[in-house]
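S.K.: Mind looking over this structure? Questions follow.
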Amino acid sequence: MANPAIDPWTRPISVAVTGSGGSGAVTAGLILLAAAARAGLFGLMMRSAGPQIRGGESAAMLRFGPRELGCMGDRFDLLASLDWGNHARFSDEISLDARSLVLADPQAGPLPGSISDSGAAVRMLALRQEAAAVAAGRPNMVAVGALGAAAGLPLDALLSGAMRTLADKGGDVLDAAFACIRRGYGEPAGTAPTLQQQPPPRWNISGNEAAGLGALRAGVRFVAAYPITPASEILEWLAPRLERLGGALLQAEDELASINMIIGASFGGVPSLTATSGPGLSLMLEGIGLAVATETPVVVVDVMRGGPSTGIPTKSEQSDLDAALHGLHGDAPHLVLAALGIGDCTFTVDWATRLAERLQSVAIVLSDQSLGQSRAIIDPVPPVDGIAPRGVVPSGAAHEDDGYRRYAPTDDGISPMALPGTPGCTYTADGLEHDPRGTPSSRSTDHRAQLDKRRDKLHTFTYGDAWAEIDGKGDLCLLTWGSCRGAVMEAAAQLREDGIAARVVALRLIMPLRREALLSALAGSTVMVVEQNHGGQLFRYLHGERALPAHARSLARPGPSVLRPAEIAAAARRLLQETHDGCIGHSEPWGEGL
Amino acid sequence: MANPAIDPWTRPISVAVTGSGGSGAVTAGLILLAAAARAGLFGLMMRSAGPQIRGGESAAMLRFGPRELGCMGDRFDLLASLDWGNHARFSDEISLDARSLVLADPQAGPLPGSISDSGAAVRMLALRQEAAAVAAGRPNMVAVGALGAAAGLPLDALLSGAMRTLADKGGDVLDAAFACIRRGYGEPAGTAPTLQQQPPPRWNISGNEAAGLGALRAGVRFVAAYPITPASEILEWLAPRLERLGGALLQAEDELASINMIIGASFGGVPSLTATSGPGLSLMLEGIGLAVATETPVVVVDVMRGGPSTGIPTKSEQSDLDAALHGLHGDAPHLVLAALGIGDCTFTVDWATRLAERLQSVAIVLSDQSLGQSRAIIDPVPPVDGIAPRGVVPSGAAHEDDGYRRYAPTDDGISPMALPGTPGCTYTADGLEHDPRGTPSSRSTDHRAQLDKRRDKLHTFTYGDAWAEIDGKGDLCLLTWGSCRGAVMEAAAQLREDGIAARVVALRLIMPLRREALLSALAGSTVMVVEQNHGGQLFRYLHGERALPAHARSLARPGPSVLRPAEIAAAARRLLQETHDGCIGHSEPWGEGL
Amino acid sequence: MDASAIPSLGAKDYKSDIKPVWCPGCGHFTVLSALTKTLAYLGIPKHLCAVVSGIGCSSRLPAYVDSYGFHGVHGRALPLAAGLKAARPDLTVLVAGGDGDGFSIGGNHFLHACRRNMDLTYIVMDNEVYGMTKGQASPTTQSDWARSKLTPHGTGIRRFQPAAIALAAGASFIARGFSGDPAGLSGLLAQAIEHPGFAFVHVLSPCQTFRPEQRAWKQQVHPCRMQPTHDAAHAAELIQRDDGMALGVLYSEQIPVHAPGTGPTAAREALAGIERELLS
Amino acid sequence: MDASAIPSLGAKDYKSDIKPVWCPGCGHFTVLSALTKTLAYLGIPKHLCAVVSGIGCSSRLPAYVDSYGFHGVHGRALPLAAGLKAARPDLTVLVAGGDGDGFSIGGNHFLHACRRNMDLTYIVMDNEVYGMTKGQASPTTQSDWARSKLTPHGTGIRRFQPAAIALAAGASFIARGFSGDPAGLSGLLAQAIEHPGFAFVHVLSPCQTFRPEQRAWKQQVHPCRMQPTHDAAHAAELIQRDDGMALGVLYSEQIPVHAPGTGPTAAREALAGIERELLS
Ligand SMILES: Cc1ncc(C[n+]2csc(CCOP(=O)(O)OP(=O)(O)O)c2C)c(N)n1
Ligand SMILES: Cc1ncc(C[n+]2csc(CCOP(=O)(O)OP(=O)(O)O)c2C)c(N)n1
Ligand code: SF4
Ligand code: SF4
Ligand SMILES: [Mg+2]
Ligand SMILES: [Mg+2]
């Protein structure tokens, strides 16, 4: 049944399952993803749903292959539709062509025009009928079997994937699933599987889970938060695990409370974090400023969604960069980092937390819906090391006669922090400008000294190489940040296939900008800045820091759909053509246009 | 008694009155200011106080002269100290030199070192003793008389100034004041004055009052706000006056409420405004984003103070620019304007409100403590005209069969707004992304269309010349914004006296940036960007917009003290020197340094 | 008022053509129907009515009513409505939302709206859960409800008592309805809309998806045993003793309505007079 | 407890060397003294005490106490303190502020702190005005107080009733003190600090500068006539009938203290176990 052109061990393949809400498209996707992992493949799964809370329609979009996958591809190899009810909603996201294969249930009614027009091959498969033959059988499980077979996955991987995914359902459900998968696979009989081969030790993880793990690794033991899409899963994952580690999660009454709760906890000495999305970030800004002014380390993870305002809560966009960089009133330097992929959510949150603790500063970590709510099969991410913990006044330390100086100037701008409970070091942290002891002051000299200190401690720190991921060489440089890195890397690969050498620079530490390092990474190249927002927010920021050559161009395209490798590669080709023709003019930062 | 070098009809003179809280230094200043107006002079008065709520120490710093005064000078001609208690706190702000005259009460104890060291002439004046000779006499009133005489103000102007300032006090207070002023003036006897000459029709106005007036002129009839220093006077001035005009001011429970209240009122068709300072702006950002997304016109006046966080509430700084420009999550284009002087608070709030109404957008107007809480004698500011009012669907208008399309695309991006009460046009304004009818939509095409519309309506509007004030010609361009304009203008005048031709460009409309116009205003000049903050916020923003030449330099210096003309002129001279020496390198945006 | 006497004629005209995103069986559907029925019954012209809300499943209601509407941000419906009412006293302004929107993030505005007694009707569809964000505990959730992943052992803290808080904050009209009793609910909504001043209607509106056990509410609700009292102190005791399932008007009093800036005395003076005062 | 028996010995040691910004005669001075006296009386080690506040004249208190302190932003002291207490159950965490800070901008946190019943003591210095911003009406200001320029005819709306709201929100300890009765206040503060759970102390603390008429409070306060009751319903009625001038413990009950994440059962498992579960 396998299609010889489809071999996920050779090149990544893309598979989609769509259906109306409740049809189980997402469960089918999760099983296929787990199956791919069991079969030793890497994988990625994104999901898409309509506005309905329950019901409506949903789609699981998967990709698996022999290497880590940072983005969906440009096209789909396989599609199984559980019904055609709202398929139109996904036709943009799931592009098919003559090389694609569509599995359709004749009982589901006529094919939508978009399918016939795509030129994809269609194979009829009686999903409902096959499922009906099994007690409590469900068509989505038949689809799992059929897609798995078409994708060349071993049956035992599929069954084992189902076992993992349906672990908390009853045995009857599992038995029915097994039977349906077998029928879909075309091997209706058989016993329960034992997977022959031990799969490599990989993670099956979502970006939101990965962010939670990064927090735990860095020592976060207190979280206060208010639920919001698409950040809630970070909190849901952390709540029971914090408890297991002796920490706690507190559900706050709102985001004003949650940011202030973590400031209080961190003042008490416990590394603390909150997670939110755009509207919550807006509400937290006053509190974040307080943490900056009092030099209380906290971490805010913003899982971005479509903006402005309530925007498009279930879809991804990189449009909160401006607010994260510049949203605080007053001069309030802090750290802004972006996770470069699903697994990188672990690294970046881990690193950000350690930096915030070390530098007694705020770190805002930008993730987004496309990372947070997608799952991947990846190699485990190593923990961060080499950053000293928060500098704390040891209990019993002697200090000057004039009292403990919480905000004393030091060479690196970091003043040791006395935690409550330390005898002899009582002080009051204050959001008012203050002198070195923390006493409110409106003197120019105190203001200047503290402004300098809060800026310089961030600028003079040695951050090492993790400020960016840099790949490849070439005269063309694709400069990007956050979740776009996956698609940009794949675009660079496509360009290389065309003989165009391209380097990719993906920023992880956005503020403070490692300007000199960035300038040397860009040196001599034609630069295109790729990001998923309307205003070209990174592009403008980098120009503001005078960290881009004058000819740099912007590829900024808003959500809700994520950027595709081919879209980026095409823009790069146009740019090179223009450069070559000598007609490259002043760069308009708005529009995806070049 | 008058000093021939001191002639406010020829050149501006500076006068300070200092004392401990309750000593009446500020009242003395207000009388002097009113007196100057009565005498036909222009004037400016800033005040400074310590952290105490009442008591502590306070100073009135005045300047008056033959032309409008946009800033304090670099030095003081006259100082009267009511007591020396906390004089040290003001010695930075009130710089004296050998040409200065200090009036000191022998009963107030020994002169502080800073006075003797300054080389200023000291004249002893028995303030307390003179006051004691009058029933209920007060030393500050004696000081008014003495300073008035030293400054060359006519006695009847002083008495008339006292009458205006003390109007709501009893007749006894006024009589005592008159007697003391006469004694201080050196003309102890006499009858109540009648001012011979009719003073020119000028305003005696603070920046906060001026902002309130701009709002009323533009039609604002609803204000909701939460008190905060240094913005409260806008609200206090407006509350009774709105009522007189049939409008209302609602004191909200917090800033989250106040921004949403004005959105509701504006949705109902009434031009609406709120005023706040940095911490309140932070809290309003989510609501401002809602106004952007729903295209509901509102105006937010931010009277800036020292930041970050609670910062320095009673002192001025221009450090909220970043937050005003970029503080909103998502791509949320809006208007940002800055008042260029005390009187310009009227013009800029008036213009901003009309723009917001016309463009169905949010206008954030930046003022600051140095404008808001200072008073000036100025020529009345003419009202804004030539901007069409909000485009509203007339009652009884026909519209397409598919219902009223609130967010229909139009040529200029402005879709006529139906006010509640208009039959046949019911719709729901929504902070979710929406289609032209306002129905929530997560389609890429709808998102893109609305993002484009919200951006383009701001970018394509014809703003006319008011985007900046441009003065002078020359190879040196001092580019500034907001309250700094006064000092920059005076610095340019100082440079011109040295034979250095300088032009001044002061931005009033900061976003959307009139980039082409700015580039041509800067063309061919050596540019120095002057602002009162730590990060060089305008400097970076303009670079981000690619609206500055590469060699532009930044003079960014934080508060609390305001920038002085000589400080700016000195920086400009250093810059020219460096340029001349050919050693002008890469511009560091931080630090005042050049 | 005999609630069953409310004619349904015309109710459909108050429904917009937008399809609700709600799950099948969601209590909010019935609240929508009861509301449109009430608007028809009261004969409020569609264009003179505005429904304001925050964010949540319940807060999606305005778009489904064919009147003017504002779907604002989470928790801020009440101030937005207060501004609208201050600007436009001619409109009937209704505010709709959920227990999360109104009592968690919006709790402060609830307090101050009760005190402020502007002529608004506030309908909270309480399902004791955050429906829209997929099932976290809200302030009204029982402290031992352990099915939210954020609070896997339950919240462990006292429930928010909407009626008791409204009373303590100074609300002049407090009623409780149930989406399973649409006729009764329509009657309460009509009284609330006609009440001069701030009227709070606490509606028990089950969440099918995250709180299926709320189907039992049908059996648990009962008519309010207390007579509507005008004595706040007595009402405070009665409401505290109430089990939270009593339907009807819990409190009602007539006090002056706060109508900022709309008094008949507000003379429309010319701006010129104000400008003249600025002269030095 | 006989309040006059509290020894003042050592109270001075709890005062920092920072000079208060308060006006001469401000009620907040006495609250500061009563507090330091109480800390001395209870013998709470300075380094194990933390005072958290928002913004306002009253909120400047932490810097004047020689303990750890946090002067946060306006209205957010309670959540900051909740986070600190969750992280550091070993500390005595006190929260101080004003009527504007606590009941206007901070009203929502007040509600939820009462419900949450963490072991915090919340001292509100109520002067029925915004002192720091120079005299605007606060939620507790009488509706006809017309001396604020923002509300020149008075607010026209009902006053916020702190004790009634606290009770309705579920607070387990509610007392009222007066800065003019420092001994009585110390006694109440001691009880509040010793109360396990959330203790709310409403302190009448006159503003000399903007409410000089509050000097009359001295004559108006009187001891609380009600016996501390443990029946919330009954207390609700009593507090509603109270004139707002009764001093003493208005309500007190013993319920489980909420102590997130500090249960003795919280096993300190290794992170490795959690990481292992991620394997595909
Ligand atoms: C500032 C902000 N924080 C969080 C959210 C996420 N959010 C959306 S709806 C909601 C809760 C809704 O619960 P409720 O009001 O009870 O309505 P229901 O869905 O139960 O009807 C939350 C937390 C948001 N949209 N905005
Ligand atoms: C977000 C924010 N809004 C407004 C203010 C201004 N502000 C400072 S203190 C205060 C009111 C203080 O009143 P209260 O809490 O009663 O304290 P009091 O001064 O009367 O002791 C206000 C409105 C602020 N600092 N921050
Ligand atoms: S999740 Fe619950 S509240 Fe939301 S629509 Fe579904 S049933 Fe209704
Ligand atoms: S203004 Fe009032 S509250 Fe503030 S310090 Fe002065 S007397 Fe006290
Ligand atoms: Mg709910
Ligand atoms: Mg107060």
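Please note that chains go A, B, ... in the order of the structure tokens, that every chain numbers its residues from 1, and that ligands are numbered from 1 in the order shown.
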Could you give me the residues within 7 Å of ligand 2, counting only C-alpha atoms and all ligand atoms, as an mmCIF file with C-alpha atoms, in the first residue's frame?
M.R.:
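Resulting contents of out_3.cif:
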```cif
data_model
loop_
_atom_site.group_PDB
_atom_site.id
_atom_site.type_symbol
_atom_site.label_atom_id
_atom_site.label_comp_id
_atom_site.auth_asym_id
_atom_site.auth_seq_id
_atom_site.Cartn_x
_atom_site.Cartn_y
_atom_site.Cartn_z
ATOM 1 C CA TYR B 226 -8.032 58.518 38.045
ATOM 2 C CA PRO B 227 -5.923 61.154 39.847
ATOM 3 C CA ILE B 228 -2.158 61.020 39.465
ATOM 4 C CA THR B 229 0.695 63.475 39.824
ATOM 5 C CA ASP B 254 -8.601 53.012 38.435
ATOM 6 C CA GLU B 255 -7.013 53.617 35.038
ATOM 7 C CA PRO B 279 2.031 54.297 35.720
ATOM 8 C CA GLY B 280 -1.479 55.044 34.553
ATOM 9 C CA LEU B 283 -2.348 50.280 32.979
ATOM 10 C CA THR B 310 6.781 55.052 40.469
ATOM 11 C CA ILE D 55 1.334 53.911 46.851
ATOM 12 C CA GLY D 56 -0.080 56.710 48.963
ATOM 13 C CA CYS D 57 0.921 58.604 52.094
ATOM 14 C CA SER D 58 -0.059 55.566 54.161
ATOM 15 C CA SER D 59 1.812 53.266 51.810
ATOM 16 C CA VAL D 73 2.949 50.063 42.872
ATOM 17 C CA HIS D 74 -0.442 51.569 43.522
ATOM 18 C CA GLY D 97 -1.930 51.003 52.682
ATOM 19 C CA GLY D 98 -4.677 53.540 52.304
ATOM 20 C CA ASP D 99 -8.315 53.601 51.366
ATOM 21 C CA GLY D 100 -7.533 54.674 47.817
ATOM 22 C CA ASP D 101 -4.828 52.090 47.359
ATOM 23 C CA GLY D 102 -6.839 49.290 48.921
ATOM 24 C CA MET D 125 -5.218 53.509 57.102
ATOM 25 C CA ASP D 126 -8.516 55.001 56.074
ATOM 26 C CA ASN D 127 -8.682 58.783 55.921
ATOM 27 C CA GLU D 128 -11.514 58.881 53.422
ATOM 28 C CA VAL D 129 -9.395 60.805 50.963
ATOM 29 C CA TYR D 130 -6.452 60.518 48.600
ATOM 30 C CA GLY D 131 -3.851 62.311 50.655
ATOM 31 C CA MET D 132 -0.841 61.866 48.436
ATOM 32 C CA THR D 133 -2.473 63.258 45.300
ATOM 33 C CA SER D 138 -11.797 57.952 47.845
#
```
S.K.: Near region 207-216 of chain A, counting only C-alpha atoms, which residues have an atom at most 8 Å away, once you skip same-chain residues fewer than 2 positions from it, shown as a PyMOL selection string?
M.R.: (chain A and resi 205+218-221+231+233-235+237-238+242+273+341-351+353+371-375) or (chain D and resi 271+275)
S.K.: Grab the residues selected above and save them as a short mmCIF file (atom, residue, chain, number, x, y, z; two decimals), in the first residue's frame with N, CA, C and O atoms.
M.R.:
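Now in part16.cif:
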```
data_model
loop_
_atom_site.label_atom_id
_atom_site.label_comp_id
_atom_site.auth_asym_id
_atom_site.auth_seq_id
_atom_site.Cartn_x
_atom_site.Cartn_y
_atom_site.Cartn_z
N ILE A 205 7.09 16.40 22.82
CA ILE A 205 6.89 17.57 23.68
C ILE A 205 6.26 18.73 22.90
O ILE A 205 6.52 18.90 21.70
N ALA A 218 15.73 25.73 35.52
CA ALA A 218 16.43 26.93 36.01
C ALA A 218 16.11 27.21 37.47
O ALA A 218 16.61 28.20 38.02
N GLY A 219 15.29 26.37 38.06
CA GLY A 219 15.03 26.53 39.49
C GLY A 219 13.74 27.24 39.84
O GLY A 219 13.50 27.54 41.00
N VAL A 220 12.92 27.55 38.85
CA VAL A 220 11.63 28.20 39.16
C VAL A 220 10.81 27.29 40.05
O VAL A 220 10.60 26.11 39.73
N ARG A 221 10.39 27.82 41.17
CA ARG A 221 9.57 27.02 42.09
C ARG A 221 8.30 27.75 42.50
O ARG A 221 7.53 27.26 43.31
N ALA A 231 -1.35 30.31 26.19
CA ALA A 231 -0.27 30.08 27.16
C ALA A 231 -0.67 29.10 28.26
O ALA A 231 0.19 28.59 28.98
N GLU A 233 -1.34 26.06 28.67
CA GLU A 233 -0.75 24.73 28.84
C GLU A 233 0.57 24.79 29.60
O GLU A 233 0.97 23.81 30.22
N ILE A 234 1.28 25.90 29.53
CA ILE A 234 2.51 26.01 30.35
C ILE A 234 2.12 25.84 31.81
O ILE A 234 2.76 25.09 32.57
N LEU A 235 1.06 26.53 32.18
CA LEU A 235 0.63 26.52 33.57
C LEU A 235 0.07 25.16 33.95
O LEU A 235 0.33 24.65 35.04
N TRP A 237 0.79 22.33 32.70
CA TRP A 237 1.88 21.35 32.80
C TRP A 237 2.66 21.58 34.09
O TRP A 237 3.07 20.63 34.76
N LEU A 238 2.84 22.82 34.43
CA LEU A 238 3.67 23.12 35.61
C LEU A 238 2.97 22.83 36.94
O LEU A 238 3.62 22.40 37.90
N LEU A 242 5.33 21.41 39.70
CA LEU A 242 5.88 22.29 40.74
C LEU A 242 5.62 21.68 42.10
O LEU A 242 6.49 21.66 42.97
N LEU A 273 8.12 32.82 37.98
CA LEU A 273 7.78 33.03 36.57
C LEU A 273 6.28 33.14 36.40
O LEU A 273 5.51 32.61 37.21
N GLY A 341 12.42 27.58 18.61
CA GLY A 341 11.79 26.34 18.17
C GLY A 341 11.14 25.69 19.37
O GLY A 341 11.24 26.20 20.50
N ILE A 342 10.46 24.58 19.12
CA ILE A 342 9.73 23.92 20.21
C ILE A 342 10.69 23.50 21.32
O ILE A 342 10.51 23.82 22.48
N GLY A 343 11.73 22.76 20.95
CA GLY A 343 12.69 22.32 21.96
C GLY A 343 13.43 23.51 22.56
O GLY A 343 13.78 23.52 23.74
N ASP A 344 13.64 24.50 21.74
CA ASP A 344 14.37 25.68 22.21
C ASP A 344 13.58 26.45 23.27
O ASP A 344 14.15 27.29 23.97
N CYS A 345 12.30 26.19 23.39
CA CYS A 345 11.55 26.80 24.50
C CYS A 345 12.19 26.37 25.82
O CYS A 345 12.26 27.16 26.77
N THR A 346 12.66 25.14 25.89
CA THR A 346 13.33 24.69 27.11
C THR A 346 14.62 25.48 27.33
O THR A 346 14.84 26.07 28.39
N PHE A 347 15.44 25.51 26.29
CA PHE A 347 16.72 26.20 26.46
C PHE A 347 16.51 27.67 26.77
O PHE A 347 17.13 28.23 27.68
N THR A 348 15.66 28.32 26.01
CA THR A 348 15.54 29.78 26.14
C THR A 348 14.92 30.18 27.47
O THR A 348 15.37 31.13 28.10
N VAL A 349 13.92 29.46 27.92
CA VAL A 349 13.34 29.80 29.23
C VAL A 349 14.35 29.50 30.34
O VAL A 349 14.50 30.28 31.29
N ASP A 350 15.06 28.41 30.20
CA ASP A 350 16.11 28.06 31.17
C ASP A 350 17.15 29.18 31.22
O ASP A 350 17.45 29.76 32.29
N TRP A 351 17.66 29.55 30.06
CA TRP A 351 18.71 30.58 29.98
C TRP A 351 18.18 31.92 30.49
O TRP A 351 18.83 32.61 31.29
N THR A 353 15.80 32.57 32.53
CA THR A 353 15.58 32.58 33.97
C THR A 353 16.91 32.74 34.70
O THR A 353 17.03 33.52 35.66
N LEU A 371 4.56 27.62 18.30
CA LEU A 371 5.49 26.79 19.08
C LEU A 371 4.76 26.16 20.26
O LEU A 371 4.86 24.96 20.50
N GLY A 372 4.03 26.98 20.97
CA GLY A 372 3.46 26.54 22.25
C GLY A 372 2.48 25.41 22.11
O GLY A 372 2.49 24.47 22.91
N GLN A 373 1.63 25.49 21.08
CA GLN A 373 0.58 24.48 20.97
C GLN A 373 0.90 23.43 19.91
O GLN A 373 0.03 22.64 19.53
N SER A 374 2.13 23.40 19.43
CA SER A 374 2.54 22.34 18.52
C SER A 374 3.39 21.34 19.27
O SER A 374 4.00 21.67 20.29
N ARG A 375 3.45 20.12 18.77
CA ARG A 375 4.25 19.08 19.41
C ARG A 375 5.36 18.65 18.45
O ARG A 375 5.17 18.65 17.24
N LEU D 271 13.94 16.38 39.60
CA LEU D 271 13.48 16.81 38.29
C LEU D 271 13.64 15.69 37.26
O LEU D 271 12.87 15.60 36.30
N GLU D 275 11.54 14.74 33.79
CA GLU D 275 12.11 14.74 32.44
C GLU D 275 11.90 13.38 31.75
O GLU D 275 11.69 13.32 30.53
#
```
S.K.: Can you list, as a PyMOL selection string, all residues belonging to region 150-378 of chain B that DSSP tags as alpha helix (DSSP H)?
M.R.: chain B and resi 150-151+155-165+171-185+207-217+232-244+255-267+278-294+321-326+344-359+369-372
S.K.: Quick one: which residues from chain D are at most 6 Å off chain B, using only C-alpha atoms, as a list in words?
M.R.: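 Listing them in order of chain and number gives Val21, Cys23, Ser104, Ile105, Lys149 and Leu150 of chain D.
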S.K.: Keeping only N, CA, C and O atoms, write the selected residues as a short mmCIF file (atom, residue, chain, number, x, y, z; two decimals), in the first residue's frame.
M.R.:
```cif
data_model
loop_
_atom_site.label_atom_id
_atom_site.label_comp_id
_atom_site.auth_asym_id
_atom_site.auth_seq_id
_atom_site.Cartn_x
_atom_site.Cartn_y
_atom_site.Cartn_z
N VAL D 21 7.65 61.36 55.35
CA VAL D 21 7.27 62.52 54.54
C VAL D 21 5.93 63.10 55.02
O VAL D 21 5.45 64.07 54.45
N CYS D 23 2.73 64.88 56.86
CA CYS D 23 2.46 66.20 57.43
C CYS D 23 2.41 66.08 58.95
O CYS D 23 1.99 65.05 59.48
N SER D 104 -9.96 51.44 46.10
CA SER D 104 -10.26 51.95 44.76
C SER D 104 -9.49 51.09 43.76
O SER D 104 -9.98 50.04 43.35
N ILE D 105 -8.26 51.45 43.48
CA ILE D 105 -7.52 50.69 42.46
C ILE D 105 -7.25 49.25 42.89
O ILE D 105 -7.18 48.34 42.08
N LYS D 149 -11.72 68.99 43.92
CA LYS D 149 -11.99 69.68 42.67
C LYS D 149 -12.48 68.72 41.59
O LYS D 149 -13.08 69.14 40.61
N LEU D 150 -12.18 67.43 41.77
CA LEU D 150 -12.63 66.46 40.76
C LEU D 150 -14.11 66.18 40.88
O LEU D 150 -14.75 65.76 39.91
#
```
S.K.: Please build the interface table for chain B against ligand 1 with a cut-off of 12 Å, listing for each qualifying residue the nearest atom pair and the distance in Å to one decimal; count only C-alpha atoms and all ligand atoms, order rows by chain and increasing number, and write it as JSON lines.
M.R.:
```
{"residue": "B:Leu256", "atom": "CA", "partner": "ligand 1", "partner_atom_place_in_ligand_line": "1 (C)", "distance": 11.1}
{"residue": "B:Leu283", "atom": "CA", "partner": "ligand 1", "partner_atom_place_in_ligand_line": "1 (C)", "distance": 11.4}
{"residue": "B:Met284", "atom": "CA", "partner": "ligand 1", "partner_atom_place_in_ligand_line": "1 (C)", "distance": 11.9}
{"residue": "B:Leu285", "atom": "CA", "partner": "ligand 1", "partner_atom_place_in_ligand_line": "1 (C)", "distance": 11.1}
{"residue": "B:Glu286", "atom": "CA", "partner": "ligand 1", "partner_atom_place_in_ligand_line": "1 (C)", "distance": 7.8}
{"residue": "B:Gly287", "atom": "CA", "partner": "ligand 1", "partner_atom_place_in_ligand_line": "1 (C)", "distance": 10.0}
{"residue": "B:Gly289", "atom": "CA", "partner": "ligand 1", "partner_atom_place_in_ligand_line": "1 (C)", "distance": 11.6}
{"residue": "B:Leu290", "atom": "CA", "partner": "ligand 1", "partner_atom_place_in_ligand_line": "1 (C)", "distance": 11.3}
{"residue": "B:His329", "atom": "CA", "partner": "ligand 1", "partner_atom_place_in_ligand_line": "1 (C)", "distance": 11.4}
{"residue": "B:Gly431", "atom": "CA", "partner": "ligand 1", "partner_atom_place_in_ligand_line": "25 (N)", "distance": 10.1}
{"residue": "B:Leu432", "atom": "CA", "partner": "ligand 1", "partner_atom_place_in_ligand_line": "25 (N)", "distance": 9.9}
```
S.K.: Kindly provide, as a PyMOL selection string, the residues of chain A having any atom no farther than 6 Å from an atom of chain B, counting only C-alpha atoms.
M.R.: chain A and resi 278+282+285-286+289-290+307-312+319-320+322-323+326-332+431-433+442+444+540-541+543-544+560
S.K.: Return as an NGL selection string the full set of residues in region 10-226 of chain D whose backbone-based DSSP assignment is strand (DSSP E or B).
M.R.: :D and (15 or 49-53 or 65 or 68-71 or 92-98 or 121-126 or 130 or 136 or 173-178 or 199-204 or 222-223)
S.K.: Please identify all residues of chain C having at least one atom at most 6 Å from any atom of chain D, considering only C-alpha atoms, and return them as an NGL selection string.
M.R.: :C and (107-108 or 115-116 or 157-158 or 164-165 or 168 or 233-234 or 236-237 or 240)
S.K.: Using only C-alpha atoms, which protein or nucleic acid residues come within 8 Å of region 487-492 of chain B? Drop anything in the same chain fewer than 4 positions from it, and give the result as a PyMOL selection string.
M.R.: chain B and resi 70-72+478+480+496+501-504+530+563-566+568-569
S.K.: Could you work out how far CA of Ser361 (chain B) lies from CA of Phe222 (chain B), giving the answer in Å with one decimal?
M.R.: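 Computed distance, CA of Phe222 (chain B) to CA of Ser361 (chain B), equals 16.7 Å.
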S.K.: As an exercise, work out the distance from CA of Arg123 (chain B) to CA of Asp105 (chain B) in Å and give it to one decimal place.
M.R.: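 Between CA of Arg123 (chain B) and CA of Asp105 (chain B) the gap is 8.6 Å.
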S.K.: Skip Met124 (chain B) itself and residues of its chain fewer than 3 positions away, then list as a list in words all residues within 7 Å of it, counting only C-alpha atoms.
M.R.: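 Once the nearby chain positions are removed, what remains is Leu103, Ala104, Asp105 and Pro106 of chain B.
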S.K.: So how far away is CA of Glu194 (chain D) from CA of Gly248 (chain D), in Å?
M.R.: 15.3 Å
S.K.: With distances taken over only C-alpha atoms and all ligand atoms, which residue among D:Lys218, D:Arg225, D:His195, D:His202 lies nearest ligand 6?
M.R.: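 Of D:Lys218, D:Arg225, D:His195, D:His202, the one nearest ligand 6, counting only C-alpha atoms and all ligand atoms, is D:His202.
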S.K.: For Gly184 (chain D), find every residue with an atom within 9 Å (counting only C-alpha atoms), except residues of its own chain fewer than 2 positions away, and show them as a ChimeraX atom specification.
M.R.: /D:2-4,34,177-179,181-182,186-189,247-248
S.K.: Neighbours of Ser118 (chain A) within 9 Å (only C-alpha atoms; same-chain residues fewer than 4 positions away dropped), as a list of chain:residue names?
M.R.: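 So, after excluding close chain neighbours, the residues are A:Ser95, A:Leu96, A:Asp97, A:Ala98, A:Ser100, A:Gly113, A:Ser114.
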